[in-house]
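Shown here: entry_22.txt, compact mmCIF, C-alpha atoms.
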# COMPACT_ATOMS: atom_id res chain seq x y z
CA MET L 10 9.89 -46.43 -59.66
CA LYS L 11 10.69 -45.22 -56.12
CA TYR L 12 11.55 -47.79 -53.45
CA LEU L 13 11.80 -47.11 -49.73
CA ILE L 14 13.23 -49.46 -47.13
CA ILE L 15 11.64 -48.88 -43.72
CA VAL L 16 13.71 -49.99 -40.73
CA PRO L 17 11.91 -49.59 -37.39
CA ALA L 18 14.53 -49.37 -34.64
CA PHE L 19 14.29 -49.40 -30.87
CA ASN L 20 17.62 -49.38 -29.00
CA GLU L 21 19.60 -50.93 -31.86
CA GLU L 22 22.75 -48.77 -31.75
CA ALA L 23 25.01 -51.79 -32.19
CA THR L 24 23.32 -53.14 -35.31
CA ILE L 25 21.70 -50.21 -37.13
CA GLY L 26 25.01 -49.11 -38.71
CA PRO L 27 25.93 -52.51 -40.21
CA VAL L 28 22.31 -53.04 -41.34
CA ILE L 29 22.39 -49.76 -43.32
CA ASP L 30 25.88 -50.57 -44.70
CA ASN L 31 24.63 -53.96 -45.92
CA ILE L 32 21.58 -52.42 -47.59
CA ARG L 33 23.79 -49.86 -49.36
CA HIS L 34 26.15 -52.61 -50.46
CA ASP L 35 23.42 -54.93 -51.78
CA VAL L 36 20.82 -52.58 -53.29
CA SER L 37 21.47 -49.28 -55.00
CA PHE L 38 17.96 -48.30 -56.12
CA VAL L 39 16.40 -47.68 -52.71
CA ASP L 40 16.07 -44.91 -50.15
CA VAL L 41 16.41 -45.93 -46.52
CA LEU L 42 14.21 -44.64 -43.69
CA VAL L 43 14.98 -45.46 -40.07
CA VAL L 44 12.02 -44.96 -37.75
CA ASN L 45 13.66 -44.45 -34.38
CA ASP L 46 10.96 -45.64 -32.01
CA GLY L 47 11.90 -43.66 -28.90
CA SER L 48 15.31 -45.29 -28.40
CA THR L 49 17.16 -44.34 -25.25
CA ASP L 50 20.57 -45.22 -26.70
CA ASN L 51 22.46 -43.77 -29.69
CA THR L 52 20.33 -45.36 -32.43
CA ARG L 53 19.32 -41.95 -33.78
CA THR L 54 22.90 -40.64 -33.97
CA MET L 55 24.18 -43.86 -35.53
CA ALA L 56 21.47 -43.72 -38.21
CA LEU L 57 22.06 -40.01 -38.93
CA GLU L 58 25.79 -40.67 -39.33
CA LYS L 59 24.93 -43.07 -42.14
CA GLN L 60 23.14 -40.25 -44.02
CA VAL L 61 19.76 -41.98 -44.21
CA LYS L 62 16.33 -40.50 -43.56
CA VAL L 63 15.49 -40.64 -39.85
CA ILE L 64 12.11 -40.09 -38.22
CA ASN L 65 11.99 -39.97 -34.42
CA HIS L 66 9.03 -41.01 -32.34
CA PRO L 67 8.87 -38.85 -29.18
CA PHE L 68 8.68 -42.08 -27.14
CA ASN L 69 8.38 -45.82 -27.69
CA LEU L 70 5.15 -46.59 -29.54
CA GLY L 71 5.76 -50.19 -30.63
CA TYR L 72 6.99 -52.05 -33.70
CA GLY L 73 3.70 -51.90 -35.62
CA THR L 74 3.26 -48.16 -35.03
CA ALA L 75 6.84 -47.49 -36.15
CA LEU L 76 6.16 -49.35 -39.39
CA GLN L 77 2.91 -47.44 -39.88
CA THR L 78 4.75 -44.11 -39.45
CA GLY L 79 7.03 -45.33 -42.24
CA PHE L 80 4.02 -46.19 -44.42
CA ARG L 81 2.60 -42.72 -43.84
CA PHE L 82 5.94 -41.17 -44.77
CA ALA L 83 6.17 -43.29 -47.94
CA GLU L 84 2.62 -42.39 -48.91
CA GLY L 85 3.25 -38.66 -48.43
CA MET L 86 6.56 -38.74 -50.30
CA GLY L 87 5.15 -40.56 -53.32
CA TYR L 88 7.00 -43.88 -53.04
CA ASP L 89 5.77 -46.73 -55.25
CA PHE L 90 7.10 -49.63 -53.18
CA VAL L 91 8.06 -50.18 -49.57
CA ILE L 92 10.33 -52.87 -48.15
CA THR L 93 10.19 -53.51 -44.42
CA MET L 94 13.28 -54.81 -42.62
CA ASP L 95 14.25 -55.34 -38.98
CA ALA L 96 17.05 -53.31 -37.44
CA ASP L 97 18.59 -56.25 -35.57
CA GLY L 98 20.40 -57.57 -38.64
CA GLN L 99 18.24 -60.67 -38.99
CA HIS L 100 17.13 -59.89 -42.55
CA VAL L 101 19.77 -60.30 -45.26
CA SER L 102 19.44 -57.39 -47.68
CA SER L 103 20.79 -59.33 -50.67
CA SER L 104 17.39 -61.11 -50.68
CA ILE L 105 15.59 -57.89 -51.62
CA ALA L 106 16.23 -58.59 -55.32
CA ASN L 107 14.34 -61.84 -54.89
CA LEU L 108 11.33 -60.06 -53.37
CA VAL L 109 11.24 -57.56 -56.24
CA GLU L 110 11.60 -60.29 -58.86
CA THR L 111 8.78 -62.34 -57.29
CA MET L 112 6.47 -59.32 -57.23
CA GLU L 113 7.08 -58.64 -60.92
CA LYS L 114 6.73 -62.28 -61.97
CA GLN L 115 3.56 -63.02 -60.00
CA ASN L 116 2.05 -59.54 -60.25
CA ALA L 117 1.55 -59.60 -56.47
CA ASP L 118 0.58 -56.72 -54.18
CA VAL L 119 2.53 -58.07 -51.20
CA VAL L 120 5.57 -60.34 -51.12
CA ILE L 121 6.43 -61.89 -47.76
CA GLY L 122 10.01 -63.01 -47.35
CA SER L 123 10.00 -66.55 -45.97
CA ARG L 124 13.01 -67.96 -44.19
CA PHE L 125 11.61 -71.49 -44.54
CA LEU L 126 11.19 -71.61 -48.33
CA GLY L 127 14.35 -73.22 -49.57
CA GLY L 128 16.41 -72.24 -46.54
CA ASP L 129 17.54 -74.30 -43.57
CA TYR L 130 16.69 -71.73 -40.89
CA GLU L 131 16.30 -73.28 -37.44
CA VAL L 132 13.86 -71.93 -34.83
CA GLY L 133 13.03 -73.03 -31.29
CA ILE L 134 10.29 -75.56 -30.69
CA SER L 135 7.76 -73.10 -29.18
CA LYS L 136 8.18 -70.68 -32.08
CA LYS L 137 7.92 -73.58 -34.54
CA ILE L 138 4.57 -74.61 -33.02
CA GLY L 139 3.34 -70.99 -33.08
CA ILE L 140 4.32 -70.49 -36.73
CA TRP L 141 2.74 -73.83 -37.69
CA LEU L 142 -0.50 -72.98 -35.88
CA PHE L 143 -0.89 -69.49 -37.30
CA SER L 144 0.13 -70.67 -40.80
CA LEU L 145 -2.60 -73.29 -40.59
CA ILE L 146 -5.23 -70.76 -39.49
CA GLY L 147 -4.06 -68.41 -42.25
CA GLU L 148 -4.23 -71.17 -44.82
CA ILE L 149 -7.74 -72.22 -43.80
CA TYR L 150 -8.93 -68.60 -43.97
CA THR L 151 -7.16 -67.38 -47.10
CA GLY L 152 -6.44 -70.59 -49.00
CA LEU L 153 -2.82 -69.45 -49.30
CA LYS L 154 0.15 -71.50 -48.21
CA ILE L 155 2.03 -69.08 -45.96
CA THR L 156 5.11 -70.67 -44.41
CA ASP L 157 6.42 -67.67 -42.47
CA PRO L 158 3.56 -65.44 -41.23
CA THR L 159 5.72 -63.73 -38.59
CA SER L 160 8.24 -62.46 -41.15
CA GLY L 161 8.79 -58.71 -41.01
CA PHE L 162 10.78 -58.82 -44.26
CA GLN L 163 8.19 -57.77 -46.84
CA LEU L 164 7.71 -55.87 -50.08
CA LEU L 165 4.48 -53.88 -50.40
CA LYS L 166 2.91 -52.02 -53.30
CA ARG L 167 1.69 -48.46 -52.86
CA SER L 168 -1.98 -49.50 -52.79
CA VAL L 169 -1.19 -51.83 -49.86
CA PHE L 170 0.92 -49.53 -47.70
CA SER L 171 -1.48 -46.63 -48.36
CA TYR L 172 -4.26 -48.82 -46.96
CA LEU L 173 -2.16 -49.87 -43.94
CA ALA L 174 -1.18 -46.24 -43.30
CA GLN L 175 -4.76 -45.31 -42.48
CA GLY L 176 -6.03 -45.06 -38.89
CA ASP L 177 -6.19 -48.42 -37.14
CA ASN L 178 -5.51 -50.59 -40.20
CA TYR L 179 -2.17 -51.67 -38.75
CA PRO L 180 -1.65 -53.21 -35.29
CA LEU L 181 0.25 -51.29 -32.61
CA ASP L 182 2.45 -54.22 -31.64
CA TYR L 183 3.36 -57.11 -33.91
CA PRO L 184 1.82 -57.72 -37.30
CA ASP L 185 1.42 -61.44 -37.96
CA VAL L 186 -0.98 -63.69 -39.86
CA ASN L 187 -3.75 -61.26 -38.85
CA ILE L 188 -2.40 -58.70 -41.32
CA ILE L 189 -2.17 -61.32 -44.07
CA MET L 190 -5.83 -62.16 -43.40
CA ALA L 191 -6.80 -58.46 -43.39
CA LEU L 192 -5.01 -57.95 -46.73
CA HIS L 193 -6.76 -61.01 -48.11
CA ASN L 194 -10.09 -59.46 -47.00
CA MET L 195 -9.15 -56.39 -49.04
CA ARG L 196 -8.51 -58.63 -52.11
CA PHE L 197 -4.77 -57.88 -52.22
CA LYS L 198 -2.64 -60.61 -53.76
CA VAL L 199 -0.22 -61.96 -51.15
CA VAL L 200 2.63 -64.31 -52.12
CA GLU L 201 5.80 -65.60 -50.51
CA ALA L 202 9.39 -65.59 -51.73
CA PRO L 203 12.43 -67.30 -50.22
CA VAL L 204 14.79 -64.98 -48.34
CA ALA L 205 17.89 -65.46 -46.26
CA MET L 206 17.72 -64.68 -42.56
CA VAL L 207 20.36 -65.03 -39.90
CA THR L 208 20.04 -65.19 -36.13
CA SER L 209 19.64 -61.63 -34.86
CA ILE L 210 23.05 -59.95 -34.38
CA SER L 211 21.86 -58.20 -31.24
CA GLY L 212 20.66 -61.48 -29.72
CA LYS L 213 17.51 -59.75 -28.46
CA SER L 214 14.19 -61.38 -29.09
CA MET L 215 10.79 -59.75 -29.34
CA HIS L 216 9.36 -62.85 -27.71
CA SER L 217 10.90 -63.81 -24.38
CA GLY L 218 9.69 -64.74 -20.88
CA LEU L 219 5.92 -64.96 -20.51
CA LYS L 220 5.41 -62.96 -23.69
CA PRO L 221 4.89 -65.95 -26.04
CA ILE L 222 1.80 -67.08 -24.12
CA VAL L 223 0.32 -63.57 -24.07
CA TYR L 224 1.28 -63.23 -27.73
CA VAL L 225 -0.58 -66.38 -28.76
CA ILE L 226 -3.75 -65.32 -26.88
CA ARG L 227 -3.47 -61.82 -28.30
CA MET L 228 -3.05 -63.21 -31.83
CA PHE L 229 -6.08 -65.47 -31.47
CA LEU L 230 -8.14 -62.42 -30.50
CA ALA L 231 -6.71 -60.46 -33.47
CA ILE L 232 -7.59 -63.33 -35.84
CA LEU L 233 -11.10 -63.53 -34.42
CA LEU L 234 -11.57 -59.79 -34.93
CA ILE L 235 -10.28 -59.92 -38.52
CA TRP L 236 -12.83 -62.66 -39.17
CA ALA L 237 -15.61 -60.70 -37.47
CA ARG L 238 -14.81 -57.50 -39.40
CA ARG L 239 -14.41 -59.15 -42.81
CA LYS L 240 -15.92 -57.35 -45.76
CA GLY L 241 -14.89 -57.09 -49.38
CA ARG L 242 -13.12 -54.11 -50.93
CA MET C 20 -29.50 -49.25 11.04
CA SER C 21 -29.40 -46.63 13.81
CA LEU C 22 -30.10 -42.96 13.05
CA PRO C 23 -26.50 -41.72 13.74
CA VAL C 24 -25.13 -44.33 11.28
CA ARG C 25 -27.64 -43.16 8.66
CA VAL C 26 -26.59 -39.54 9.22
CA ILE C 27 -22.84 -40.38 9.01
CA ILE C 28 -23.31 -42.28 5.72
CA PHE C 29 -25.39 -39.42 4.31
CA ILE C 30 -22.75 -36.84 5.31
CA LEU C 31 -19.97 -38.97 3.73
CA GLY C 32 -21.92 -39.07 0.44
CA LEU C 33 -22.59 -35.36 0.63
CA MET C 34 -18.90 -34.62 1.31
CA LEU C 35 -17.82 -36.70 -1.69
CA SER C 36 -20.29 -34.81 -3.90
CA ILE C 37 -19.03 -31.44 -2.61
CA ILE C 38 -15.37 -32.45 -3.19
CA ILE C 39 -16.21 -33.52 -6.76
CA PHE C 40 -18.12 -30.29 -7.39
CA GLU C 41 -15.21 -28.24 -6.06
CA LEU C 42 -12.72 -30.14 -8.29
CA VAL C 43 -14.89 -29.45 -11.33
CA ARG C 44 -15.30 -25.78 -10.34
CA ARG C 45 -11.52 -25.40 -10.09
CA LYS C 46 -11.17 -27.15 -13.47
CA LYS C 47 -9.09 -29.95 -11.96
CA PHE C 48 -11.61 -32.52 -13.09
CA ARG C 49 -13.47 -32.63 -16.41
CA GLU C 50 -17.23 -32.13 -16.29
CA GLU C 51 -18.00 -35.13 -18.54
CA LEU C 52 -16.05 -37.50 -16.29
CA SER C 53 -17.40 -36.05 -13.04
CA LEU C 54 -20.95 -37.16 -13.80
CA MET C 55 -20.18 -40.76 -12.90
CA TRP C 56 -18.66 -39.73 -9.55
CA PHE C 57 -21.64 -37.53 -8.74
CA THR C 58 -23.73 -40.65 -9.24
CA VAL C 59 -21.48 -42.47 -6.75
CA GLY C 60 -21.90 -39.60 -4.24
CA ILE C 61 -25.67 -39.66 -4.64
CA ALA C 62 -25.67 -43.47 -4.35
CA ILE C 63 -23.77 -43.23 -1.02
CA MET C 64 -26.26 -40.67 0.25
CA ALA C 65 -29.13 -42.91 -0.86
CA SER C 66 -27.50 -45.91 0.83
CA SER C 67 -28.19 -44.28 4.22
CA VAL C 68 -31.76 -45.43 3.77
CA ALA C 69 -31.00 -48.33 1.41
CA ASP C 70 -31.77 -51.03 3.98
CA LEU C 71 -35.43 -50.03 3.85
CA ILE C 72 -35.46 -51.12 0.19
CA ILE C 73 -32.74 -53.78 0.18
CA ASP C 74 -34.04 -55.89 3.07
CA PRO C 75 -37.43 -56.61 1.44
CA ILE C 76 -35.73 -57.31 -1.93
CA ALA C 77 -33.22 -59.67 -0.28
CA ARG C 78 -36.09 -61.48 1.47
CA LEU C 79 -37.90 -61.75 -1.87
CA LEU C 80 -34.78 -63.22 -3.54
CA LYS C 81 -34.28 -65.53 -0.53
CA ILE C 82 -30.84 -64.04 0.26
CA GLY C 83 -30.11 -64.90 3.91
CA TYR C 84 -27.63 -62.08 4.42
CA PRO C 85 -29.07 -58.87 2.84
CA PRO C 86 -25.74 -56.91 2.70
CA ALA C 87 -24.53 -59.54 0.17
CA LEU C 88 -27.02 -58.04 -2.27
CA VAL C 89 -25.43 -54.63 -1.72
CA PHE C 90 -21.95 -56.06 -2.38
CA VAL C 91 -23.08 -57.71 -5.62
CA TRP C 92 -24.70 -54.46 -6.72
CA VAL C 93 -21.64 -52.36 -5.84
CA ILE C 94 -19.17 -54.79 -7.47
CA PHE C 95 -21.25 -54.79 -10.65
CA PHE C 96 -21.14 -50.98 -10.83
CA LEU C 97 -17.40 -50.92 -10.07
CA ILE C 98 -16.78 -53.34 -12.95
CA LEU C 99 -18.83 -51.08 -15.22
CA ALA C 100 -16.77 -48.10 -14.05
CA LEU C 101 -13.52 -49.98 -14.79
CA LEU C 102 -14.78 -50.89 -18.24
CA TYR C 103 -15.67 -47.26 -18.87
CA PHE C 104 -12.14 -46.15 -17.92
CA SER C 105 -10.57 -48.90 -20.06
CA VAL C 106 -12.54 -47.66 -23.07
CA LEU C 107 -11.41 -44.14 -22.27
CA ILE C 108 -7.72 -45.17 -22.00
CA SER C 109 -8.01 -47.11 -25.24
CA ASP C 110 -9.40 -44.06 -27.00
CA LEU C 111 -6.66 -41.84 -25.56
CA LYS C 112 -3.99 -44.34 -26.59
CA GLY C 113 -5.25 -44.22 -30.18
CA LYS C 114 -5.24 -40.43 -30.17
CA LEU C 115 -1.76 -40.34 -28.60
CA LYS C 116 -0.47 -42.64 -31.37
CA GLU C 117 -1.94 -40.42 -34.09
CA LEU C 118 -0.49 -37.26 -32.53
CA SER C 119 2.96 -38.78 -31.97
CA GLN C 120 3.15 -40.00 -35.57
CA LYS C 121 2.08 -36.59 -36.88
CA ILE C 122 4.66 -34.81 -34.70
CA ALA C 123 7.41 -37.21 -35.85
CA LEU C 124 6.55 -36.68 -39.53
CA MET C 125 6.27 -32.89 -39.14
CA GLU C 126 9.57 -32.75 -37.26
CA TYR C 127 11.22 -34.60 -40.14
CA LYS C 128 9.80 -32.14 -42.70
CA LEU C 129 10.87 -29.18 -40.56
CA ASN C 130 14.42 -30.49 -40.24
CA GLU C 131 14.61 -31.07 -44.00
CA LYS C 132 13.41 -27.53 -44.65
CA HIS C 133 16.12 -26.11 -42.38
CA LYS C 134 18.78 -28.25 -44.03
CA LYS C 135 18.06 -26.88 -47.52
CA PRO C 136 19.78 -23.55 -48.35
CA GLU C 137 17.36 -20.63 -48.82

Using structure tokens, write down the structure from this file.
Amino acid sequence: MKYLIIVPAFNEEATIGPVIDNIRHDVSFVDVLVVNDGSTDNTRTMALEKQVKVINHPFNLGYGTALQTGFRFAEGMGYDFVITMDADGQHVSSSIANLVETMEKQNADVVIGSRFLGGDYEVGISKKIGIWLFSLIGEIYTGLKITDPTSGFQLLKRSVFSYLAQGDNYPLDYPDVNIIMALHNMRFKVVEAPVAMVTSISGKSMHSGLKPIVYVIRMFLAILLIWARRKGR
Amino acid sequence: MSLPVRVIIFILGLMLSIIIFELVRRKKFREELSLMWFTVGIAIMASSVADLIIDPIARLLKIGYPPALVFVWVIFFLILALLYFSVLISDLKGKLKELSQKIALMEYKLNEKHKKPE
């Protein structure tokens, strides 16, 4: 069985090295692919120094697009499973074993790593409300209890990432509960597993300033569209 | 509207149409996109006599100030034009994403091929 870890990275020169070192230390059975999403710093060089696979976007295309490039790569190279991880060091690679174990035990197609299942991860109040709201919408729609819909730490089967690799099946910016709903529409089995996460080493956040408000509106639209486009596989 | 004003408006519309035609002829502007601007040029030319049509319509709709009807009409068409360009940008953005991903993946394969000894 071939596993690929996809790490989308945009200006993460400080953290990409340690992230790769940790993966190598914790899991031996995986290949690592860094999708350098048009970084203007030394992310590419730092990743190449670590002897991992590196794909370079000609310019910044967004987190979702970087992941989709990884899915396309994995599909073309015949990988069976894909694990997605952030380049900022937030995701603890020792939890990968837990994702794999959960997938085997529950015969799932997608395992979402949740920082809230069994952990004591603290988030800000606005993010807490956002996660609660989107979890609730997701639960009403899919009937699944998803505690961490924003988690980018996931394990996907080939059938799932092959589907997401096609055309517009993956969002350009941030995948959230909308993707869980889309996968549910396609009759994929989505489950959660507890994972460890730490506060991002780089201290950067994808959601700062006015972005959370725009994000919430954007996500509501995405959810509405998923609902409007629903059809069985 | 006095005759000189009508003539000036007509000439402005005609000039816009000629400029657009010239841009298309020199291949600085795509034919498909120019069609909408030709319509604008023709509309400006037509507006030189528009008051003859608009005034009775405004009276019929009980609009006290007839030019307001023109503004509503023009704003509506401008919004349509903006929507058209947004759709176009959206389409281009999708195509740009596809191309960039393909280039990135092909570049990777090319580099790998060069790395391997012959």

Polymer residues at most 12 Å from Met228 (chain L), all atoms listed in the file, same-chain spacing of 2 or more positions, as a ChimeraX atom specification: /L:139-140,142-143,146-147,158-159,180,182-188,190,220-226,230-235

Neighbours of chain L in chain C at 10 Å, counting all atoms listed in the file, as a PyMOL selection string: chain C and resi 112-117+119-128+131

Gap from CA of Asn107 (chain L) to CA of Met195 (chain L) - Å, one decimal: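 Value for the CA of Asn107 (chain L)-CA of Met195 (chain L) distance: 24.8 Å.
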
Point-to-point distance from CA of Thr58 (chain C) to CA of Val24 (chain C), Å rounded to tenths: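 Calculated distance between CA of Thr58 (chain C) and CA of Val24 (chain C) is 20.9 Å.
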
Selection near Leu33 (chain C), 12 Å with only C-alpha atoms, sequence-local residues under 4 positions removed, as a ChimeraX atom specification: /C:26-29,37-40,56-67

Non-local contacts of region 26-43 of chain L (6 Å; only C-alpha atoms; under 6 positions in same chain excluded) as an MDAnalysis selection string: chainID L and resid 12:17 61:63 98 102:103

Contacts of Pro86 (chain C) within 12 Å, all atoms listed in the file, excl. fewer than 2 positions in-chain, as a list in words: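 Listed by chain and then number, they are Met20, Ser66, Ala69, Asp70, Leu71, Ile72, Ile73, Asp74, Pro75, Ile76, Ala77, Arg78, Ile82, Gly83, Tyr84, Leu88, Val89, Phe90, Val91, Trp92 and Val93 of chain C.
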
Length of the CA of Met206 (chain L) to CA of Leu108 (chain L) vector [Å]: 13.4 Å

Selection near Ala205 (chain L), 9 Å with all atoms listed in the file, sequence-local residues under 3 positions removed, as a list in words: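 Near neighbours after the sequence-gap exclusion: Gln99, His100, Val101, Ser102, Ser103, Ser104, Gly122, Ser123, Arg124, Phe125, Gly128 and Tyr130 of chain L.
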